[in-house]
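Raw contents of coords06.cif, mmCIF, C-alpha atoms:
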data_input
loop_
_atom_site.label_atom_id
_atom_site.label_comp_id
_atom_site.auth_asym_id
_atom_site.auth_seq_id
_atom_site.Cartn_x
_atom_site.Cartn_y
_atom_site.Cartn_z
CA MET A 1 0.00 0.00 0.00
CA ASP A 2 1.34 3.34 -1.08
CA LYS A 3 1.70 5.70 1.86
CA GLY A 4 2.26 8.49 -0.60
CA MET A 5 -1.34 8.21 -1.76
CA SER A 6 -3.11 11.52 -1.93
CA ILE A 7 -5.96 11.92 0.53
CA LEU A 8 -8.70 14.55 0.72
CA VAL A 9 -10.04 15.40 4.18
CA VAL A 10 -13.47 17.07 4.15
CA ASP A 11 -14.99 18.73 7.24
CA ASP A 12 -16.41 22.17 7.97
CA PHE A 13 -14.57 22.41 11.31
CA PRO A 14 -10.87 23.31 10.88
CA THR A 15 -10.00 21.68 14.21
CA MET A 16 -11.34 18.33 13.02
CA ARG A 17 -9.51 18.60 9.68
CA ARG A 18 -6.35 19.31 11.62
CA ILE A 19 -6.86 16.32 13.92
CA VAL A 20 -7.48 13.94 11.02
CA ARG A 21 -4.47 15.32 9.16
CA SER A 22 -2.26 14.76 12.22
CA LEU A 23 -3.53 11.21 12.69
CA LEU A 24 -2.92 10.40 9.04
CA LYS A 25 0.59 11.79 9.44
CA GLU A 26 1.15 9.51 12.44
CA LEU A 27 0.16 6.59 10.22
CA GLY A 28 2.62 7.70 7.55
CA PHE A 29 0.25 9.47 5.15
CA THR A 30 1.63 12.94 4.52
CA ASN A 31 0.04 13.71 1.17
CA VAL A 32 -3.13 15.25 2.56
CA GLU A 33 -5.35 18.08 1.29
CA GLU A 34 -8.43 19.67 2.82
CA ALA A 35 -11.87 20.90 1.79
CA GLU A 36 -14.46 22.61 3.98
CA ASP A 37 -17.64 21.27 2.40
CA GLY A 38 -18.94 18.80 -0.17
CA GLN A 39 -19.02 21.44 -2.90
CA GLU A 40 -15.35 22.40 -2.52
CA ALA A 41 -14.45 18.72 -2.21
CA LEU A 42 -16.13 17.76 -5.49
CA GLY A 43 -14.30 20.60 -7.21
CA LYS A 44 -10.95 19.32 -6.00
CA LEU A 45 -11.79 15.69 -6.72
CA LYS A 46 -12.86 16.47 -10.27
CA ASP A 47 -9.47 18.03 -10.90
CA GLY A 48 -8.17 14.56 -10.18
CA GLY A 49 -5.21 13.06 -8.42
CA PHE A 50 -6.95 11.90 -5.24
CA GLU A 51 -6.99 8.27 -4.18
CA PHE A 52 -8.89 8.43 -0.91
CA VAL A 53 -11.52 10.61 0.76
CA VAL A 54 -12.18 11.04 4.49
CA SER A 55 -15.35 13.04 4.97
CA ASP A 56 -17.71 14.49 7.55
CA TRP A 57 -21.47 14.43 6.91
CA ASN A 58 -22.93 17.57 8.44
CA MET A 59 -21.55 20.41 6.31
CA PRO A 60 -23.02 23.50 4.65
CA ASN A 61 -23.49 23.92 0.86
CA LEU A 62 -23.27 20.19 0.11
CA ASP A 63 -23.32 17.60 2.88
CA GLY A 64 -21.24 14.42 3.03
CA LEU A 65 -24.00 12.08 1.93
CA GLU A 66 -24.87 14.14 -1.14
CA MET A 67 -21.20 14.46 -1.98
CA LEU A 68 -20.81 10.68 -1.71
CA LYS A 69 -23.79 10.10 -4.00
CA GLN A 70 -22.34 12.47 -6.59
CA ILE A 71 -18.97 10.75 -6.38
CA ARG A 72 -20.57 7.36 -7.01
CA ALA A 73 -22.59 8.79 -9.91
CA ASP A 74 -19.54 10.13 -11.72
CA ASP A 75 -17.70 7.76 -14.07
CA GLY A 76 -14.34 9.28 -13.31
CA MET A 77 -14.74 9.18 -9.51
CA LYS A 78 -17.06 6.28 -8.73
CA ALA A 79 -14.30 3.92 -7.58
CA LEU A 80 -12.88 6.42 -5.09
CA PRO A 81 -12.78 4.99 -1.55
CA VAL A 82 -14.76 7.17 0.87
CA LEU A 83 -14.55 6.87 4.66
CA MET A 84 -17.26 8.75 6.57
CA VAL A 85 -16.17 10.26 9.89
CA THR A 86 -19.17 11.92 11.45
CA ALA A 87 -21.17 12.74 14.56
CA GLU A 88 -24.39 11.54 12.90
CA ALA A 89 -25.28 8.55 15.04
CA LYS A 90 -28.73 7.32 14.14
CA LYS A 91 -29.17 3.89 12.59
CA GLU A 92 -30.82 5.49 9.58
CA ASN A 93 -27.61 7.47 8.99
CA ILE A 94 -25.46 4.36 8.90
CA VAL A 95 -27.91 2.59 6.62
CA ALA A 96 -28.09 5.58 4.28
CA ALA A 97 -24.32 5.90 4.12
CA ALA A 98 -23.82 2.19 3.45
CA GLN A 99 -26.47 2.21 0.73
CA ALA A 100 -24.93 5.30 -0.86
CA GLY A 101 -21.66 3.45 -1.19
CA ALA A 102 -19.49 4.55 1.73
CA ASN A 103 -16.52 2.26 2.29
CA GLY A 104 -16.52 2.78 6.03
CA TYR A 105 -18.25 4.71 8.82
CA ILE A 106 -16.60 6.11 11.92
CA VAL A 107 -18.71 7.82 14.54
CA LYS A 108 -17.39 10.82 16.50
CA PRO A 109 -15.78 11.00 18.98
CA PHE A 110 -13.32 8.45 17.73
CA THR A 111 -9.85 7.21 18.66
CA ALA A 112 -6.63 7.10 16.68
CA ALA A 113 -6.79 3.29 16.87
CA THR A 114 -10.25 3.23 15.27
CA LEU A 115 -9.14 5.41 12.37
CA GLU A 116 -6.14 3.16 11.75
CA GLU A 117 -8.27 0.01 11.94
CA LYS A 118 -10.92 1.26 9.53
CA LEU A 119 -8.36 2.58 7.05
CA ASN A 120 -6.57 -0.76 7.04
CA LYS A 121 -9.85 -2.61 6.62
CA ILE A 122 -10.67 -0.53 3.55
CA PHE A 123 -7.20 -1.01 2.05
CA GLU A 124 -7.48 -4.77 2.63
CA LYS A 125 -10.81 -4.96 0.86
CA LEU A 126 -9.49 -2.93 -2.04
CA GLY A 127 -6.49 -5.20 -2.23
CA LYS A 128 -4.04 -2.37 -1.73
CA MET B 1 -67.51 42.69 47.03
CA SER B 2 -64.63 44.32 48.90
CA GLY B 3 -64.35 46.91 46.11
CA GLU B 4 -67.71 48.34 46.90
CA ALA B 5 -66.89 48.48 50.59
CA ARG B 6 -63.71 50.45 49.87
CA GLN B 7 -65.62 52.78 47.59
CA ALA B 8 -67.62 53.97 50.53
CA VAL B 9 -64.49 54.65 52.58
CA ALA B 10 -62.30 57.04 50.51
CA PRO B 11 -62.47 58.92 47.19
CA GLU B 12 -58.95 57.75 46.04
CA GLY B 13 -60.09 54.13 46.33
CA VAL B 14 -62.62 54.66 43.51
CA HIS B 15 -59.92 55.46 40.91
CA GLY B 16 -57.66 52.60 42.12
CA ASP B 17 -60.35 49.92 41.90
CA ASP B 18 -61.55 51.05 38.52
CA LEU B 19 -58.01 50.46 37.29
CA VAL B 20 -57.82 47.01 38.87
CA VAL B 21 -61.15 46.01 37.30
CA ARG B 22 -60.06 47.38 33.94
CA ILE B 23 -56.78 45.50 34.09
CA GLY B 24 -58.67 42.34 34.98
CA GLN B 25 -60.92 42.82 31.95
CA LEU B 26 -58.00 43.48 29.62
CA THR B 27 -56.15 40.44 30.89
CA ARG B 28 -59.19 38.30 30.23
CA MET B 29 -59.56 39.81 26.77
CA LEU B 30 -55.88 39.16 25.99
CA ARG B 31 -56.17 35.57 27.12
CA ASP B 32 -59.29 35.00 25.03
CA SER B 33 -57.77 36.63 21.95
CA MET B 34 -54.62 34.59 22.25
CA ARG B 35 -56.61 31.41 22.50
CA GLU B 36 -58.77 32.42 19.55
CA LEU B 37 -55.75 33.17 17.38
CA GLY B 38 -53.99 30.00 18.47
CA LEU B 39 -51.20 32.09 19.94
CA ASP B 40 -51.22 30.31 23.26
CA LYS B 41 -50.03 27.27 21.31
CA GLU B 42 -47.19 29.35 19.90
CA VAL B 43 -46.08 30.44 23.34
CA GLU B 44 -46.34 26.84 24.50
CA LYS B 45 -44.06 25.71 21.70
CA ALA B 46 -41.61 28.43 22.60
CA ALA B 47 -41.64 27.30 26.22
CA GLU B 48 -41.09 23.68 25.16
CA ALA B 49 -38.00 24.63 23.20
CA ILE B 50 -36.29 25.90 26.30
CA PRO B 51 -35.56 22.47 27.86
CA ASP B 52 -34.07 21.38 24.51
CA ALA B 53 -31.81 24.42 24.51
CA ARG B 54 -30.88 23.65 28.11
CA ALA B 55 -29.99 20.04 27.25
CA ARG B 56 -27.77 21.26 24.43
CA LEU B 57 -25.98 23.76 26.62
CA ASN B 58 -25.50 21.03 29.20
CA TYR B 59 -23.92 18.85 26.54
CA VAL B 60 -21.57 21.66 25.51
CA ALA B 61 -20.58 22.34 29.11
CA SER B 62 -19.88 18.70 29.86
CA MET B 63 -17.97 18.09 26.61
CA THR B 64 -15.71 21.06 27.20
CA GLU B 65 -15.12 19.98 30.79
CA GLN B 66 -14.25 16.43 29.75
CA ALA B 67 -11.87 17.73 27.10
CA ALA B 68 -10.15 19.99 29.57
CA ASP B 69 -9.77 17.12 32.05
CA ARG B 70 -8.42 14.81 29.38
CA ALA B 71 -5.82 17.36 28.30
CA LEU B 72 -4.79 18.26 31.84
CA ASN B 73 -4.48 14.59 32.85
CA ALA B 74 -2.25 13.96 29.85
CA VAL B 75 -0.08 16.91 30.87
CA ASP B 76 0.12 15.51 34.43
CA ARG B 77 1.36 12.19 33.07
CA ALA B 78 3.83 13.68 30.61
CA GLN B 79 5.46 16.24 32.87
CA PRO B 80 7.24 13.75 35.20
CA LEU B 81 8.58 11.91 32.14
CA GLN B 82 10.08 15.09 30.77
CA THR B 83 11.48 16.04 34.16
CA GLU B 84 13.11 12.65 34.51
CA ILE B 85 14.69 12.86 31.05
CA GLU B 86 16.00 16.27 31.92
CA THR B 87 17.37 15.65 35.40
CA ARG B 88 18.98 12.32 34.66
CA ALA B 89 20.78 13.85 31.67
CA GLU B 90 21.96 16.78 33.77
CA THR B 91 23.23 14.47 36.51
CA LEU B 92 25.14 12.27 34.11
CA ASP B 93 26.51 15.30 32.28
CA GLN B 94 27.78 16.69 35.58
CA GLN B 95 29.38 13.39 36.49
CA TRP B 96 31.11 13.19 33.11
CA ARG B 97 32.37 16.72 33.43
CA THR B 98 33.78 15.91 36.83
CA TRP B 99 35.38 12.78 35.45
CA PHE B 100 37.03 14.64 32.57
CA GLU B 101 38.46 17.21 34.96
CA ASN B 102 39.91 14.42 37.03
CA PRO B 103 39.86 11.03 35.30
CA MET B 104 39.17 8.37 37.90
CA GLU B 105 39.79 4.69 38.43
CA LEU B 106 38.52 2.28 35.82
CA ASP B 107 35.99 0.65 38.14
CA GLN B 108 34.34 3.92 39.05
CA ALA B 109 34.36 5.00 35.41
CA ARG B 110 32.66 1.73 34.49
CA GLN B 111 29.80 2.59 36.84
CA LEU B 112 29.36 5.97 35.12
CA VAL B 113 29.46 4.32 31.71
CA ASN B 114 26.81 1.80 32.75
CA ASP B 115 24.61 4.52 34.16
CA THR B 116 24.94 6.48 30.94
CA ARG B 117 24.11 3.47 28.80
CA GLY B 118 21.15 2.76 31.04
CA TYR B 119 19.93 6.32 30.50
CA LEU B 120 20.28 6.10 26.72
CA ALA B 121 18.32 2.88 26.72
CA ALA B 122 15.54 4.43 28.83
CA VAL B 123 15.07 7.68 26.87
CA PRO B 124 13.30 6.30 23.76
CA GLU B 125 10.58 4.70 25.85
CA MET B 126 10.06 7.84 27.93
CA ALA B 127 9.95 9.93 24.76
CA ARG B 128 7.42 7.54 23.24
CA ASP B 129 5.24 7.77 26.34
CA THR B 130 5.36 11.57 26.14
CA SER B 131 4.38 11.41 22.47
CA LYS B 132 1.40 9.28 23.43
CA GLU B 133 0.27 11.94 25.88
CA LEU B 134 0.67 14.62 23.20
CA LEU B 135 -1.50 12.55 20.91
CA GLU B 136 -4.07 12.28 23.67
CA ILE B 137 -4.06 16.08 24.10
CA MET B 138 -4.60 16.48 20.37
CA MET B 139 -7.49 14.02 20.30
CA ALA B 140 -9.08 15.81 23.25
CA GLN B 141 -9.58 18.84 20.98
CA ASP B 142 -12.30 16.99 19.08
CA PHE B 143 -14.80 18.57 21.47
CA GLN B 144 -14.63 21.74 19.39
CA ASP B 145 -16.23 20.08 16.39
CA LEU B 146 -18.94 18.31 18.39
CA THR B 147 -19.90 21.30 20.53
CA GLY B 148 -19.83 23.50 17.44
CA GLN B 149 -22.40 21.29 15.74
CA VAL B 150 -24.64 21.28 18.80
CA ILE B 151 -24.42 25.05 19.07
CA LYS B 152 -25.36 25.42 15.41
CA LYS B 153 -28.40 23.23 16.00
CA MET B 154 -29.30 25.28 19.05
CA MET B 155 -29.24 28.46 17.01
CA GLU B 156 -31.92 26.91 14.82
CA VAL B 157 -34.02 26.15 17.90
CA ILE B 158 -33.60 29.67 19.22
CA LEU B 159 -34.57 31.11 15.85
CA GLU B 160 -37.74 29.05 16.05
CA VAL B 161 -38.50 30.36 19.53
CA GLU B 162 -37.95 33.89 18.32
CA ASN B 163 -40.35 33.22 15.48
CA GLN B 164 -43.09 31.99 17.78
CA LEU B 165 -42.73 34.99 20.04
CA LEU B 166 -42.68 37.42 17.13
CA GLN B 167 -45.89 35.82 15.96
CA VAL B 168 -47.51 36.67 19.27
CA LEU B 169 -46.11 40.17 19.11
CA LEU B 170 -47.36 40.62 15.56
CA GLU B 171 -50.90 39.85 16.55
CA SER B 172 -50.81 42.24 19.45
CA VAL B 173 -49.61 45.24 17.48
CA PRO B 174 -52.40 47.33 15.88
CA GLU B 175 -52.61 47.60 12.06
CA GLY B 176 -50.24 50.14 10.59
CA GLU B 177 -46.57 50.78 9.83
CA GLU B 178 -45.26 49.10 12.93
CA ARG B 179 -47.20 45.94 12.21
CA ASP B 180 -46.14 45.89 8.55
CA ALA B 181 -42.50 46.31 9.49
CA LEU B 182 -42.80 43.46 11.99
CA ARG B 183 -44.53 41.26 9.44
CA GLN B 184 -41.75 41.94 6.93
CA ARG B 185 -39.13 41.03 9.49
CA MET B 186 -40.92 37.76 10.18
CA GLU B 187 -41.24 36.92 6.49
CA ASP B 188 -37.53 37.47 5.92
CA ARG B 189 -36.69 35.27 8.83
CA ASN B 190 -39.19 32.61 7.72
CA ALA B 191 -37.63 32.43 4.27
CA ALA B 192 -34.27 31.60 5.82
CA ASP B 193 -35.85 29.12 8.23
CA THR B 194 -37.81 27.25 5.56
CA ARG B 195 -34.59 26.72 3.63
CA LYS B 196 -33.01 25.25 6.74
CA ARG B 197 -35.97 23.00 7.50
CA GLU B 198 -35.99 21.63 3.98
CA GLU B 199 -32.55 20.19 4.55
CA ALA B 200 -32.43 16.44 5.07
CA SER B 201 -33.72 15.18 8.40
CA LEU B 202 -30.63 13.01 8.37
CA VAL B 203 -28.56 15.97 9.51
CA ASN B 204 -28.97 16.19 13.28
CA GLY B 205 -25.50 16.68 14.67
CA PRO B 206 -24.21 14.83 17.71
CA GLN B 207 -26.79 12.98 19.82
CA LEU B 208 -27.05 14.50 23.30
CA THR B 209 -27.51 11.13 25.01
CA ALA B 210 -26.57 7.64 23.96
CA GLU B 211 -30.00 6.21 24.79
CA GLY B 212 -33.01 6.16 22.56
CA ASP B 213 -34.40 4.13 19.71
CA GLY B 214 -32.47 4.19 16.55
CA ILE B 215 -29.44 5.84 18.12
CA VAL B 216 -26.03 4.31 17.92
CA SER B 217 -23.84 5.04 20.91
CA ASN B 218 -20.39 3.80 19.93
CA GLN B 219 -18.17 2.52 17.13
CA ASP B 220 -18.83 -1.13 18.03
CA GLN B 221 -22.55 -0.65 17.46
CA VAL B 222 -21.81 1.00 14.12
CA ASP B 223 -19.65 -1.98 13.13
CA ASP B 224 -22.33 -4.45 14.23
CA LEU B 225 -24.98 -2.66 12.20
CA LEU B 226 -22.75 -2.58 9.13
CA ASP B 227 -22.09 -6.30 9.55
CA GLU B 228 -25.82 -6.94 9.81
CA LEU B 229 -26.38 -5.01 6.59
CA GLY B 230 -23.74 -7.09 4.91
CA PHE B 231 -21.22 -4.30 4.39
#

Please lay out the structure from this file as structure tokens.
Amino acid sequence: MDKGMSILVVDDFPTMRRIVRSLLKELGFTNVEEAEDGQEALGKLKDGGFEFVVSDWNMPNLDGLEMLKQIRADDGMKALPVLMVTAEAKKENIVAAAQAGANGYIVKPFTAATLEEKLNKIFEKLGK
Amino acid sequence: MSGEARQAVAPEGVHGDDLVVRIGQLTRMLRDSMRELGLDKEVEKAAEAIPDARARLNYVASMTEQAADRALNAVDRAQPLQTEIETRAETLDQQWRTWFENPMELDQARQLVNDTRGYLAAVPEMARDTSKELLEIMMAQDFQDLTGQVIKKMMEVILEVENQLLQVLLESVPEGEERDALRQRMEDRNAADTRKREEASLVNGPQLTAEGDGIVSNQDQVDDLLDELGF
């Protein structure tokens, strides 16, 4: 698995983006960019070059679920792995995310160990 | 009635009682009008929103307190480690300096060498433990995101309360400029609110308590549910 893979972190709270970035760095992933909502994220993803997305759900302009749906609907982006990291904790949220094609779902607050575990699980499944 | 009795006693009493009776009548009229216009329901809704706002503020207060405790505890654990690294190095450095000024017997030097090697072997673990505490302090900052979301949600609730109360106010102001201005203000606010309410009901922010139907309280439950769904 290529630790140089480029990752997009999407969350409207800068503190959370910073925390995720730091955790990814701890795990060896230093090629990380940020977006503050689904709209900005789609813009960056369409430009290409990203291999992984870590995204919040509750964001202005375009929320995480809508962004995920648009990613899965786009030929160029549909295979992009997307890990949801969100405070949304109702069963219907998890079901909706799974059905929309999320590769994983982490509920906030989370631990560094959980992030590592879920990332590895996704990489395993993708055969990376 | 006592009013009549007072009337007979002093002239000032007449004016005072008239006022009391009039106020009583107006109060009754206001109550009846409110009920007729359905405004008492609006006020009730506004009152009901207060406990929700209180619960959210409670959540924010407890999250920030927990985060502060977490960070401070991590500092408490890391500080002694750093102090030990520092003082042991200073002690050994002093001993080496002394030795160089006056090179001593081999046996005593051997002791110093062993102590120094022991120190070098111990530092990486102490440094790693400190790093762990720094990581813990970083993770403790996640409260900012969660409380921020709850506060945003609370603003929506407060806006709703304001709306209900403005509604009551609107009905109590007589026709004219003042009322039109108030109505305009409400319409502007309503436009913004309706947009917000049309957003998916899937966006609720952090749950204030872990109990309740359909609420997932930790990562293990999330994983179980995903397994159930076959993902």

Exercise. So which residues get picked by the PyMOL selection byres ((chain A) within 7 of (chain B)) here, written as a list in words?
Worked result: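 Listing what the PyMOL selection byres ((chain A) within 7 of (chain B)) selects in the shown file: Phe13, Thr15, Met16, Ile19, Asn58, Ala87, Glu88, Ala89, Lys90, Lys91, Asn93, Ile106, Val107 and Pro109 of chain A.
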
For this session: Return the single residue from A:Glu36, A:Glu26, A:Glu66, A:Asp47 that is closest to Ala100 in chain A, with distances computed using only C-alpha atoms.
Result: A:Glu66

Exercise. Which distance in Å separates CA of Asp2 in chain A and CA of Ala113 in chain A, to one decimal?
Worked result: 19.7 Å

Exercise. What do you get, as number ranges by chain, if you spell out every residue that the PyMOL selection byres ((chain A and resi 83) around 6) selects here?
Worked result: A: 54, 82, 84, 103-105

Report the residues retrieved by the PyMOL selection byres ((chain B and resi 34-48) around 7) from the displayed file, expressed as a short mmCIF file (atom, residue, chain, number, x, y, z; two decimals) with C-alpha atoms, keeping the file's coordinate frame.
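Result saved to expr.cif:
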data_model
loop_
_atom_site.label_atom_id
_atom_site.label_comp_id
_atom_site.auth_asym_id
_atom_site.auth_seq_id
_atom_site.Cartn_x
_atom_site.Cartn_y
_atom_site.Cartn_z
CA LEU B 30 -55.88 39.16 25.99
CA ARG B 31 -56.17 35.57 27.12
CA ASP B 32 -59.29 35.00 25.03
CA SER B 33 -57.77 36.63 21.95
CA ALA B 49 -38.00 24.63 23.20
CA ILE B 50 -36.29 25.90 26.30
CA PRO B 51 -35.56 22.47 27.86
CA VAL B 161 -38.50 30.36 19.53
CA GLN B 164 -43.09 31.99 17.78
CA LEU B 165 -42.73 34.99 20.04
CA VAL B 168 -47.51 36.67 19.27
#

If you take every atom of range 113-123 of chain B that the file lists and fit an axis-aligned box around them with 5 Å extra on each side, what centre and edge lengths come out in Å to one decimal, as AutoDock Vina command-line options?
--center_x 22.3 --center_y 4.7 --center_z 30.4 --size_x 24.4 --size_y 15.9 --size_z 17.4

For this session: Using only C-alpha atoms, find all polymer residues with an atom at most 12 Å away from the point (-6.5, -3.1, 0.7); report them as a list in words.
Result: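 Residues lying no farther than 12 Å from the given point: Met1, Asp2, Phe52, Pro81, Asn103, Glu117, Lys118, Leu119, Asn120, Lys121, Ile122, Phe123, Glu124, Lys125, Leu126, Gly127 and Lys128 of chain A.
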
Exercise. So which one's closest to Gly64 in chain A, A:Gly28, A:Gly101, A:Gly48, A:Gly76? Using all atoms listed in the file, please.
Worked result: A:Gly101

For this session: Could you please determine the separation between CA of Arg110 in chain B and CA of Leu92 in chain B in Å, to one decimal place?
Result: 13.0 Å

For this session: Grab the CA of Ile7 in chain A to CA of Val32 in chain A distance for me, in Å with one decimal place.
Result: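 The value is 4.8 Å.
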